[in-house]
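Data block for structure.tsv (TSV, C-alpha atoms):
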chain	number	residue	atom	x	y	z
F	1	MET	CA	42.59	6.47	23.15
F	2	ALA	CA	43.81	7.30	19.68
F	3	VAL	CA	40.44	8.20	18.24
F	4	GLU	CA	37.05	8.91	19.74
F	5	ARG	CA	33.83	8.22	17.98
F	6	VAL	CA	31.77	11.38	17.51
F	7	ALA	CA	28.00	10.99	17.45
F	8	GLY	CA	26.45	11.48	14.04
F	9	GLY	CA	24.28	14.54	14.43
F	10	THR	CA	26.85	16.84	16.01
F	11	SER	CA	28.83	18.14	13.06
F	12	LEU	CA	26.97	20.14	10.44
F	13	ILE	CA	29.42	19.30	7.67
F	14	ASP	CA	29.15	15.57	8.31
F	15	VAL	CA	25.38	15.83	8.31
F	16	LEU	CA	25.24	17.94	5.15
F	17	ASP	CA	27.57	15.46	3.48
F	18	ARG	CA	24.80	12.90	3.92
F	19	VAL	CA	21.33	14.39	4.06
F	20	LEU	CA	21.32	16.62	1.01
F	21	ASP	CA	21.83	14.10	-1.73
F	22	LYS	CA	21.77	10.61	-0.26
F	23	GLY	CA	19.18	8.11	0.97
F	24	ILE	CA	15.80	8.22	-0.71
F	25	VAL	CA	15.96	11.16	-3.07
F	26	ILE	CA	13.17	12.54	-5.19
F	27	ASP	CA	14.99	14.18	-8.06
F	28	ALA	CA	14.35	17.80	-8.84
F	29	TRP	CA	11.99	17.86	-5.90
F	30	VAL	CA	11.48	21.55	-5.34
F	31	ARG	CA	11.40	22.35	-9.01
F	32	ILE	CA	8.26	20.38	-9.57
F	33	SER	CA	5.46	22.78	-10.13
F	34	LEU	CA	2.11	21.23	-10.82
F	35	VAL	CA	-0.48	23.50	-9.32
F	36	GLY	CA	1.65	26.55	-8.96
F	37	ILE	CA	3.27	25.38	-5.77
F	38	ASP	CA	6.58	23.63	-5.55
F	39	LEU	CA	5.48	20.58	-3.67
F	40	ILE	CA	4.33	17.13	-4.51
F	41	THR	CA	0.66	16.47	-4.99
F	42	VAL	CA	-1.03	13.20	-5.81
F	43	GLU	CA	-1.50	14.43	-9.32
F	44	ALA	CA	2.00	13.13	-9.84
F	45	ARG	CA	3.08	9.60	-9.13
F	46	VAL	CA	6.36	8.85	-7.45
F	47	VAL	CA	8.21	6.22	-9.43
F	48	VAL	CA	11.48	4.44	-8.84
F	49	ALA	CA	14.17	5.57	-11.25
F	50	SER	CA	17.05	3.54	-9.86
F	51	ILE	CA	18.23	1.62	-6.83
F	52	ASP	CA	21.82	1.13	-5.76
F	53	THR	CA	22.43	-0.35	-2.40
F	54	TYR	CA	26.10	-1.23	-2.73
F	55	LEU	CA	25.64	-4.33	-0.66
F	56	ARG	CA	27.04	-6.66	-3.26
F	57	PHE	CA	30.37	-5.24	-2.29
F	58	ALA	CA	30.79	-7.50	0.69
F	59	GLU	CA	30.73	-10.61	-1.44
F	60	GLN	CA	33.52	-9.25	-3.57
F	61	VAL	CA	35.97	-8.05	-0.99
F	62	GLY	CA	38.69	-10.42	-2.11
F	63	THR	CA	38.53	-9.40	-5.73
F	64	LEU	CA	38.89	-5.67	-5.45
F	65	PRO	CA	41.69	-3.85	-7.17
F	66	THR	CA	43.82	-1.47	-5.18
F	67	VAL	CA	42.22	1.87	-4.55
F	68	ALA	CA	42.71	4.85	-6.75
F	69	ARG	CA	44.83	7.70	-5.47
F	70	PRO	CA	42.59	9.99	-3.47
F	71	SER	CA	43.02	12.94	-5.77
F	72	ALA	CA	41.78	10.83	-8.62
F	73	LEU	CA	38.59	9.82	-6.91
F	74	GLU	CA	35.73	11.13	-8.89
F	75	ALA	CA	32.58	12.78	-7.66
F	76	ALA	CA	31.01	11.86	-4.36
F	77	SER	CA	29.28	8.96	-6.01
F	78	ALA	CA	32.56	7.18	-6.70
F	79	GLN	CA	32.71	3.74	-5.21
F	80	ILE	CA	35.80	1.80	-4.64
F	81	GLY	CA	36.30	-1.00	-7.06
F	82	ALA	CA	33.11	-0.20	-8.88
F	83	SER	CA	34.56	-1.64	-12.04
F	84	ALA	CA	35.25	-4.98	-10.41
F	85	VAL	CA	32.03	-5.29	-8.52
F	86	SER	CA	28.86	-6.47	-10.12
F	87	ARG	CA	26.44	-4.19	-8.44
F	88	ARG	CA	22.75	-4.66	-8.48
F	89	PRO	CA	21.51	-3.67	-11.88
F	90	ARG	CA	19.44	-0.55	-12.04
F	91	ARG	CA	15.83	-1.41	-12.10
F	92	SER	CA	12.71	0.40	-12.90
F	93	THR	CA	9.72	0.28	-10.63
F	94	PRO	CA	8.16	-3.14	-10.18
F	95	GLN	CA	5.13	-3.57	-12.32
F	96	SER	CA	1.77	-4.91	-11.41
K	97	MET	CA	13.37	2.42	-19.49
K	98	GLN	CA	10.56	3.54	-17.34
K	99	GLU	CA	7.20	1.88	-17.35
K	100	THR	CA	4.30	2.91	-15.24
K	101	ARG	CA	1.03	1.58	-14.14
K	102	ASN	CA	-1.77	3.67	-15.45
K	103	VAL	CA	-3.70	4.13	-12.29
K	104	VAL	CA	-5.22	7.06	-10.55
K	105	VAL	CA	-3.63	7.28	-7.15
K	106	ALA	CA	-5.84	9.77	-5.47
K	107	GLU	CA	-7.77	12.92	-6.15
K	108	ASN	CA	-8.32	16.44	-4.96
K	109	SER	CA	-5.48	16.89	-2.55
K	110	ALA	CA	-5.39	20.55	-3.49
K	111	SER	CA	-8.33	21.26	-1.21
K	112	ALA	CA	-6.52	19.99	1.89
K	113	PRO	CA	-5.57	22.58	4.50
K	114	ALA	CA	-1.99	23.79	4.24
K	115	SER	CA	-1.10	22.77	7.76
K	116	GLU	CA	-1.61	19.15	6.81
K	117	ALA	CA	1.56	19.01	4.73
K	118	LYS	CA	3.88	16.22	5.84
K	119	TYR	CA	7.64	16.42	6.22
K	120	VAL	CA	9.04	12.91	5.76
K	121	TYR	CA	12.18	11.80	7.67
K	122	CYS	CA	12.48	8.12	6.93
K	123	ILE	CA	10.71	4.87	6.16
K	124	ILE	CA	10.62	2.05	8.71
K	125	GLU	CA	9.03	-1.35	9.08
K	126	SER	CA	6.08	-0.95	11.41
K	127	LYS	CA	2.42	-1.86	11.57
K	128	LYS	CA	1.48	0.17	14.60
K	129	PRO	CA	1.05	3.92	15.07
K	130	GLN	CA	3.95	5.46	16.99
K	131	SER	CA	5.10	8.82	18.26
K	132	PHE	CA	8.71	9.96	18.53
K	133	GLY	CA	8.06	13.15	20.47
K	134	LYS	CA	7.47	16.80	19.63
K	135	VAL	CA	10.74	17.23	17.76
K	136	GLY	CA	9.67	17.97	14.18
K	137	VAL	CA	11.73	20.33	12.02
K	138	GLY	CA	10.45	23.85	11.53
K	139	GLY	CA	10.68	25.05	15.12
K	140	ARG	CA	6.98	24.62	15.96
K	141	GLY	CA	7.48	21.55	18.12
K	142	ASP	CA	5.39	19.39	15.83
K	143	GLU	CA	4.93	15.80	16.83
K	144	VAL	CA	6.88	13.19	14.90
K	145	TYR	CA	4.63	10.23	14.17
K	146	THR	CA	4.00	7.43	11.68
K	147	ILE	CA	1.77	7.15	8.64
K	148	LEU	CA	1.17	3.45	8.03
K	149	HIS	CA	0.87	1.60	4.77
K	150	GLY	CA	0.85	-2.18	5.01
K	151	ASP	CA	4.08	-3.30	6.66
K	152	LEU	CA	5.84	0.02	6.06
K	153	ALA	CA	5.53	3.32	7.88
K	154	ALA	CA	6.65	6.81	6.99
K	155	VAL	CA	7.99	8.84	9.91
K	156	VAL	CA	6.62	12.37	9.45
K	157	SER	CA	5.69	15.60	11.15
K	158	ASP	CA	3.10	18.18	10.15
K	159	THR	CA	4.48	21.27	8.56
K	160	ALA	CA	3.40	24.41	6.82
K	161	ILE	CA	3.59	24.16	3.06
K	162	ALA	CA	6.96	25.70	2.46
K	163	ILE	CA	10.38	24.91	1.10
K	164	HIS	CA	12.62	24.07	4.03
K	165	ASP	CA	15.99	25.73	3.68
K	166	PRO	CA	18.95	23.59	4.73
K	167	THR	CA	19.79	25.82	7.68
K	168	ARG	CA	21.89	24.48	10.52
K	169	GLU	CA	18.83	24.08	12.72
K	170	ASN	CA	16.75	22.33	10.06
K	171	VAL	CA	19.47	19.99	8.86
K	172	LEU	CA	20.53	18.93	12.34
K	173	GLY	CA	16.86	18.61	13.30
K	174	HIS	CA	16.23	16.27	10.37
K	175	GLU	CA	19.22	14.13	11.32
K	176	ARG	CA	18.34	13.98	15.02
K	177	VAL	CA	14.81	12.78	14.35
K	178	ILE	CA	16.17	9.94	12.23
K	179	GLU	CA	18.76	9.08	14.89
K	180	ALA	CA	16.01	8.88	17.51
K	181	VAL	CA	13.97	6.57	15.28
K	182	MET	CA	17.10	4.47	14.64
K	183	GLU	CA	17.32	3.53	18.28
K	184	GLN	CA	14.42	1.16	17.79
K	185	HIS	CA	14.17	0.62	14.02
K	186	SER	CA	16.09	0.01	10.85
K	187	VAL	CA	15.56	3.09	8.73
K	188	LEU	CA	15.58	4.17	5.12
K	189	PRO	CA	16.52	7.83	5.43
K	190	MET	CA	14.89	10.42	3.17
K	191	SER	CA	17.05	13.20	1.87
K	192	PHE	CA	16.52	16.57	3.52
K	193	GLY	CA	13.46	18.65	2.72
K	194	THR	CA	10.98	16.13	1.36
K	195	VAL	CA	7.45	17.43	1.91
K	196	PHE	CA	4.16	15.94	0.74
K	197	ARG	CA	0.99	17.97	0.71
K	198	THR	CA	-1.23	15.47	2.48
K	199	LYS	CA	-1.28	12.18	4.29
K	200	ASP	CA	-2.83	10.64	1.17
K	201	ASP	CA	0.20	11.73	-0.84
K	202	VAL	CA	2.51	9.98	1.60
K	203	VAL	CA	0.41	6.82	1.37
K	204	ALA	CA	0.42	7.07	-2.43
K	205	PHE	CA	4.20	7.45	-2.39
K	206	MET	CA	4.61	4.33	-0.24
K	207	ASN	CA	2.16	2.45	-2.41
K	208	ASP	CA	3.97	3.36	-5.63
K	209	THR	CA	7.39	2.44	-4.30
K	210	HIS	CA	6.47	-0.31	-1.85
K	211	ASP	CA	8.30	-3.23	-3.43
K	212	ALA	CA	11.50	-1.28	-3.91
K	213	LEU	CA	11.42	0.08	-0.37
K	214	ARG	CA	10.79	-3.40	1.07
K	215	ASP	CA	13.69	-4.79	-0.87
K	216	VAL	CA	16.12	-2.10	0.29
K	217	ILE	CA	15.01	-2.06	3.91
K	218	GLY	CA	15.60	-5.80	4.00
K	219	GLN	CA	19.19	-5.18	2.98
K	220	VAL	CA	19.97	-2.62	5.65
K	221	ARG	CA	18.02	-4.30	8.44
K	222	ASP	CA	19.98	-4.25	11.73
K	223	LYS	CA	22.90	-2.44	10.13
K	224	ILE	CA	24.33	0.97	10.89
K	225	GLU	CA	26.75	3.29	9.15
K	226	PHE	CA	30.03	4.68	10.43
K	227	GLY	CA	32.10	7.44	8.86
K	228	VAL	CA	35.90	7.48	8.85
K	229	GLN	CA	37.94	10.41	7.64
K	230	VAL	CA	41.72	10.53	7.64
K	231	ASN	CA	43.70	13.73	7.49
K	232	TRP	CA	47.43	14.20	7.19
K	233	ASP	CA	49.79	17.09	7.63
K	234	ARG	CA	50.81	17.49	4.01
K	235	ASP	CA	53.73	19.80	4.74
K	236	ALA	CA	55.18	17.39	7.27
K	237	VAL	CA	54.89	14.54	4.78
K	238	VAL	CA	56.60	16.68	2.12
K	239	ARG	CA	59.48	17.35	4.53
K	240	ASP	CA	59.66	13.67	5.27
K	241	ILE	CA	59.76	12.80	1.58
K	242	GLU	CA	62.46	15.38	0.96
K	243	ALA	CA	64.55	13.89	3.72
K	244	GLN	CA	64.18	10.35	2.42
K	245	SER	CA	64.40	10.58	-1.35
K	246	ASP	CA	67.87	10.79	-2.93
K	247	GLU	CA	66.36	11.96	-6.17
K	248	VAL	CA	64.64	14.86	-4.42
K	249	THR	CA	67.89	15.80	-2.69
K	250	ARG	CA	69.76	15.69	-5.99
K	251	LEU	CA	67.27	17.97	-7.72
K	252	LYS	CA	67.22	20.44	-4.84
K	253	THR	CA	70.99	20.62	-4.81
K	254	GLN	CA	71.04	21.14	-8.56
K	255	ILE	CA	68.55	24.01	-8.24
K	256	GLN	CA	70.43	25.65	-5.36
K	257	ARG	CA	73.80	25.42	-7.06
K	258	ALA	CA	72.70	26.78	-10.39
K	259	THR	CA	74.59	30.02	-10.85
K	260	SER	CA	73.55	30.70	-14.38
K	261	GLY	CA	70.83	29.56	-16.73
K	262	SER	CA	67.29	28.58	-15.94
K	263	THR	CA	66.36	26.17	-13.18
K	264	TYR	CA	62.86	25.95	-14.59
K	265	PHE	CA	63.02	22.35	-15.77
K	266	ALA	CA	64.68	21.13	-12.61
K	267	ARG	CA	61.99	22.83	-10.56
K	268	VAL	CA	59.20	21.32	-12.65
K	269	GLN	CA	60.86	17.92	-12.30
K	270	LEU	CA	61.13	18.35	-8.55
K	271	GLY	CA	57.52	19.42	-8.22
K	272	ARG	CA	56.30	16.43	-10.18
K	273	LEU	CA	58.47	14.02	-8.26
K	274	VAL	CA	57.22	15.27	-4.89
K	275	GLU	CA	53.60	15.07	-6.09
K	276	ARG	CA	54.11	11.50	-7.23
K	277	LEU	CA	55.73	10.44	-3.96
K	278	LEU	CA	52.94	12.13	-2.01
K	279	SER	CA	50.25	10.37	-3.95
K	280	GLU	CA	52.01	7.01	-3.58
K	281	ARG	CA	52.16	7.50	0.12
K	282	ALA	CA	48.50	8.50	0.31
K	283	ASP	CA	47.59	5.46	-1.78
K	284	ASN	CA	49.37	3.17	0.63
K	285	TYR	CA	47.76	4.68	3.70
K	286	VAL	CA	44.30	4.60	2.14
K	287	ARG	CA	44.65	1.01	0.99
K	288	GLU	CA	45.93	-0.24	4.34
K	289	ILE	CA	43.29	1.54	6.38
K	290	TYR	CA	40.38	0.87	4.06
K	291	ASP	CA	41.20	-2.81	3.69
K	292	ALA	CA	41.58	-3.28	7.44
K	293	LEU	CA	38.26	-1.59	8.23
K	294	ARG	CA	36.15	-3.18	5.57
K	295	ALA	CA	37.09	-6.60	6.88
K	296	ASP	CA	34.64	-5.88	9.71
K	297	ALA	CA	31.97	-4.23	7.56
K	298	VAL	CA	29.11	-5.56	5.46
K	299	ALA	CA	29.75	-2.90	2.84
K	300	SER	CA	31.93	0.12	2.39
K	301	LYS	CA	32.08	3.18	0.21
K	302	LEU	CA	34.73	5.72	-0.64
K	303	ASN	CA	33.61	9.31	-0.96
K	304	LYS	CA	35.60	12.20	-2.31
K	305	PRO	CA	37.95	13.65	0.32
K	306	ILE	CA	36.92	17.11	1.53
K	307	GLY	CA	39.69	19.69	1.46
K	308	GLU	CA	43.46	19.56	1.03
K	309	ARG	CA	44.38	17.69	4.15
K	310	MET	CA	42.00	14.76	3.81
K	311	ILE	CA	43.23	11.58	2.16
K	312	LEU	CA	40.37	9.24	3.04
K	313	ASN	CA	36.64	9.87	3.37
K	314	ALA	CA	34.85	6.55	3.71
K	315	ALA	CA	31.62	5.08	5.01
K	316	PHE	CA	31.14	1.59	6.38
K	317	LEU	CA	27.95	-0.38	6.86
K	318	VAL	CA	28.26	-2.56	9.94
K	319	GLU	CA	26.00	-5.16	11.54
K	320	ARG	CA	24.60	-3.53	14.65
K	321	ALA	CA	25.60	-6.62	16.61
K	322	HIS	CA	29.20	-6.25	15.40
K	323	SER	CA	29.64	-2.54	16.01
K	324	GLU	CA	31.90	-3.10	19.01
K	325	ARG	CA	34.22	-5.19	16.91
K	326	PHE	CA	34.36	-2.40	14.32
K	327	ASP	CA	35.05	0.04	17.16
K	328	ARG	CA	37.98	-2.01	18.36
K	329	ARG	CA	39.40	-2.29	14.87
K	330	MET	CA	39.11	1.46	14.41
K	331	HIS	CA	41.01	2.16	17.61
K	332	GLU	CA	43.66	-0.36	16.73
K	333	ILE	CA	44.24	1.29	13.35
K	334	ALA	CA	44.26	4.79	14.78
K	335	ARG	CA	46.93	3.73	17.28
K	336	ARG	CA	49.01	2.18	14.52
K	337	TYR	CA	49.22	5.54	12.69
K	338	GLU	CA	49.37	7.76	15.75
K	339	GLY	CA	51.44	10.88	15.16
K	340	ARG	CA	51.26	10.52	11.40
K	341	LEU	CA	47.55	10.60	10.60
K	342	ALA	CA	44.55	12.20	12.28
K	343	PHE	CA	41.36	10.13	12.29
K	344	ARG	CA	37.77	11.34	12.52
K	345	TYR	CA	35.39	8.57	13.38
K	346	THR	CA	31.66	9.34	13.34
K	347	GLY	CA	28.41	7.50	13.86
K	348	PRO	CA	26.27	5.59	14.19
K	349	TRP	CA	24.59	7.12	11.15
K	350	PRO	CA	21.45	6.19	9.27
K	351	PRO	CA	22.67	4.19	6.23
K	352	TYR	CA	22.73	7.25	3.96
K	353	ASN	CA	25.72	6.07	2.00
K	354	PHE	CA	24.22	2.67	1.33
K	355	VAL	CA	20.68	3.56	0.40
K	356	ASN	CA	20.53	5.22	-2.96
K	357	VAL	CA	16.96	5.19	-4.13
K	358	ARG	CA	16.31	7.74	-6.84
K	359	LEU	CA	12.71	8.59	-7.43
K	360	THR	CA	11.15	10.78	-10.04
K	361	LEU	CA	7.71	12.23	-10.40
K	362	GLN	CA	5.44	11.34	-13.20
K	363	GLN	CA	2.16	12.86	-14.12
K	364	SER	CA	-0.51	10.35	-13.24
K	365	ALA	CA	-2.67	9.01	-16.01
K	366	ALA	CA	-5.76	10.87	-14.89
K	367	ARG	CA	-4.11	14.23	-15.54
K	368	ALA	CA	-1.91	13.37	-18.45

Mind converting the file's structure to structure tokens?
Amino acid sequence: MAVERVAGGTSLIDVLDRVLDKGIVIDAWVRISLVGIDLITVEARVVVASIDTYLRFAEQVGTLPTVARPSALEAASAQIGASAVSRRPRRSTPQS
Amino acid sequence: MQETRNVVVAENSASAPASEAKYVYCIIESKKPQSFGKVGVGGRGDEVYTILHGDLAAVVSDTAIAIHDPTRENVLGHERVIEAVMEQHSVLPMSFGTVFRTKDDVVAFMNDTHDALRDVIGQVRDKIEFGVQVNWDRDAVVRDIEAQSDEVTRLKTQIQRATSGSTYFARVQLGRLVERLLSERADNYVREIYDALRADAVASKLNKPIGERMILNAAFLVERAHSERFDRRMHEIARRYEGRLAFRYTGPWPPYNFVNVRLTLQQSAARA
């Protein structure tokens, strides 16, 4: 076998690469200080600042430009072909 | 950009006992209370269970009110809980260290963000993430390039034969040429591998390579039902480049790379 799949939660680096800044993220979480303690309380509302789910990508597979050279890839948020893909627009929280 | 509803979400959470704080791992679709065992982060063996709100549930464990440092134990613990939940559910993973003071806060959070969470969970339903990293032996590739490129050979000979005068410009030229050839070769590898893998994925994402040796660091979102097909494709590709490239293939992961929901806190109207 040329390559074995390694289970997700076994390598710390792989896990850190994901859990620290991806998924559902509440920005500046620990810096929030409302009653003298750095944790959320209901005195603050949690609101949606932006959503990006990247899933539009699949519809655009055929139209992607060639990838950038690896050294030119920008920060971890870089997505291949971002310029050619119409991603979901950023939205603010739904209103009622 | 940001509008808000001017509503009071809840009151007086400050009086709740500290032990009631909730560490949140992920959001799932569920209408019934569930337990995932006494595997909560923090080393106390806290039970991992659900807090329900309509058709969504937050997977949480009780915790002391504290900032959780991203230690090895805590970070792996966070990931393992989500992986256990993933066995039966599609998940929206929370980033590490998210703690709410009370159950009411968790409910308020789900209430405030319900529509967005529903939307996103619908998009990742029955899909899982795989990670693929490709490393090469840069020195070996440099030797290979030197052996194959006439231009490189010419410049090296010129540098070696120089008996007088500076070889500075020839050396700069050589360095640039080798860098360019290296990056062309990396480009080709990355394009071939990435294109082949994403054919079997619902979505894919390139992350920044980690370290000198890595040329590709990518994540793929795959239909759970098609994960074997992705597996086969991965093995096929790894065989094709055997001896030249080293592959790291990881997963299944929660869809961390495909769920990017940024939330901010806003003072509620009652306190503003």

Compile a residue-level contact table for range 199-229 of chain K against range 329-346 of chain K at a cut-off of 7 Å, reporting for every qualifying residue the shortest atom pair and its distance in Å to one decimal, with all atoms listed in the file counted, rows ordered by chain and ascending number, as JSON lines.
{"residue": "K:Phe226", "atom": "CA", "partner": "K:Thr346", "partner_atom": "CA", "distance": 5.7}
{"residue": "K:Gly227", "atom": "CA", "partner": "K:Thr346", "partner_atom": "CA", "distance": 4.9}
{"residue": "K:Val228", "atom": "CA", "partner": "K:Tyr345", "partner_atom": "CA", "distance": 4.7}
{"residue": "K:Gln229", "atom": "CA", "partner": "K:Arg344", "partner_atom": "CA", "distance": 5.0}

Emit the selected residues as a PDB file, in the frame of the given file, including C-alpha atoms.
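Below is the file that was written, selection02.pdb:
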ATOM      1  CA  PHE K 226      30.030   4.680  10.430  1.00  0.00           C
ATOM      2  CA  GLY K 227      32.100   7.440   8.860  1.00  0.00           C
ATOM      3  CA  VAL K 228      35.900   7.480   8.850  1.00  0.00           C
ATOM      4  CA  GLN K 229      37.940  10.410   7.640  1.00  0.00           C
TER       5      GLN K 229
END

Sel. within 8 Å of pt (15.8, 22.0, 18.1), counting all atoms listed in the file, output as a ChimeraX atom specification:
/K:135,137,139,169,173

Could you work out which residues of chain K fall inside 7 Å of chain F? Count only C-alpha atoms, and format the result as a VMD selection string.
chain K and resid 97 to 98 101 105 to 107 109 168 172 175 to 176 188 to 192 195 to 197 201 205 208 to 209 211 279 282 to 283 287 298 to 299 301 to 304 311 to 312 331 334 to 335 338 343 345 to 349 352 to 364 367

Calculate how many Å separate CA of Ser300 in chain K from CA of Leu317 in chain K, rounding to one decimal.
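So the two atoms, CA of Ser300 in chain K and CA of Leu317 in chain K, lie 6.0 Å apart.
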
Gap from CA of Ile224 in chain K to CA of Tyr290 in chain K - Å, one decimal
17.4 Å

One number please: CA of Leu152 in chain K to CA of Asn170 in chain K, in Å, one decimal.
25.2 Å

Top pick for closest residue to Arg250 in chain K, considering K:Leu270, K:Ala236, K:Cys122, K:Ala321 and counting all atoms listed in the file
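So, comparing all the options, the nearest one is K:Leu270.
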
Selected residue of minimal separation from Leu213 in chain K among K:Ala292, K:Ala243, K:Val155, K:Ile124, counting only C-alpha atoms:
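Closest candidate: K:Ile124.
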
Given only C-alpha atoms as the basis, pick out the residue of K:Glu225, K:Asp240, K:Glu324, K:Asp246 nearest to Glu179 in chain K.
K:Glu225

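Excluding Ser186 in chain K and any residue on its chain fewer than 5 positions from it, the residues at most 8 Å away by only C-alpha atoms are Ile124, Glu125, Ile217, Val220, Arg221, Asp222 and Lys223 of chain K.
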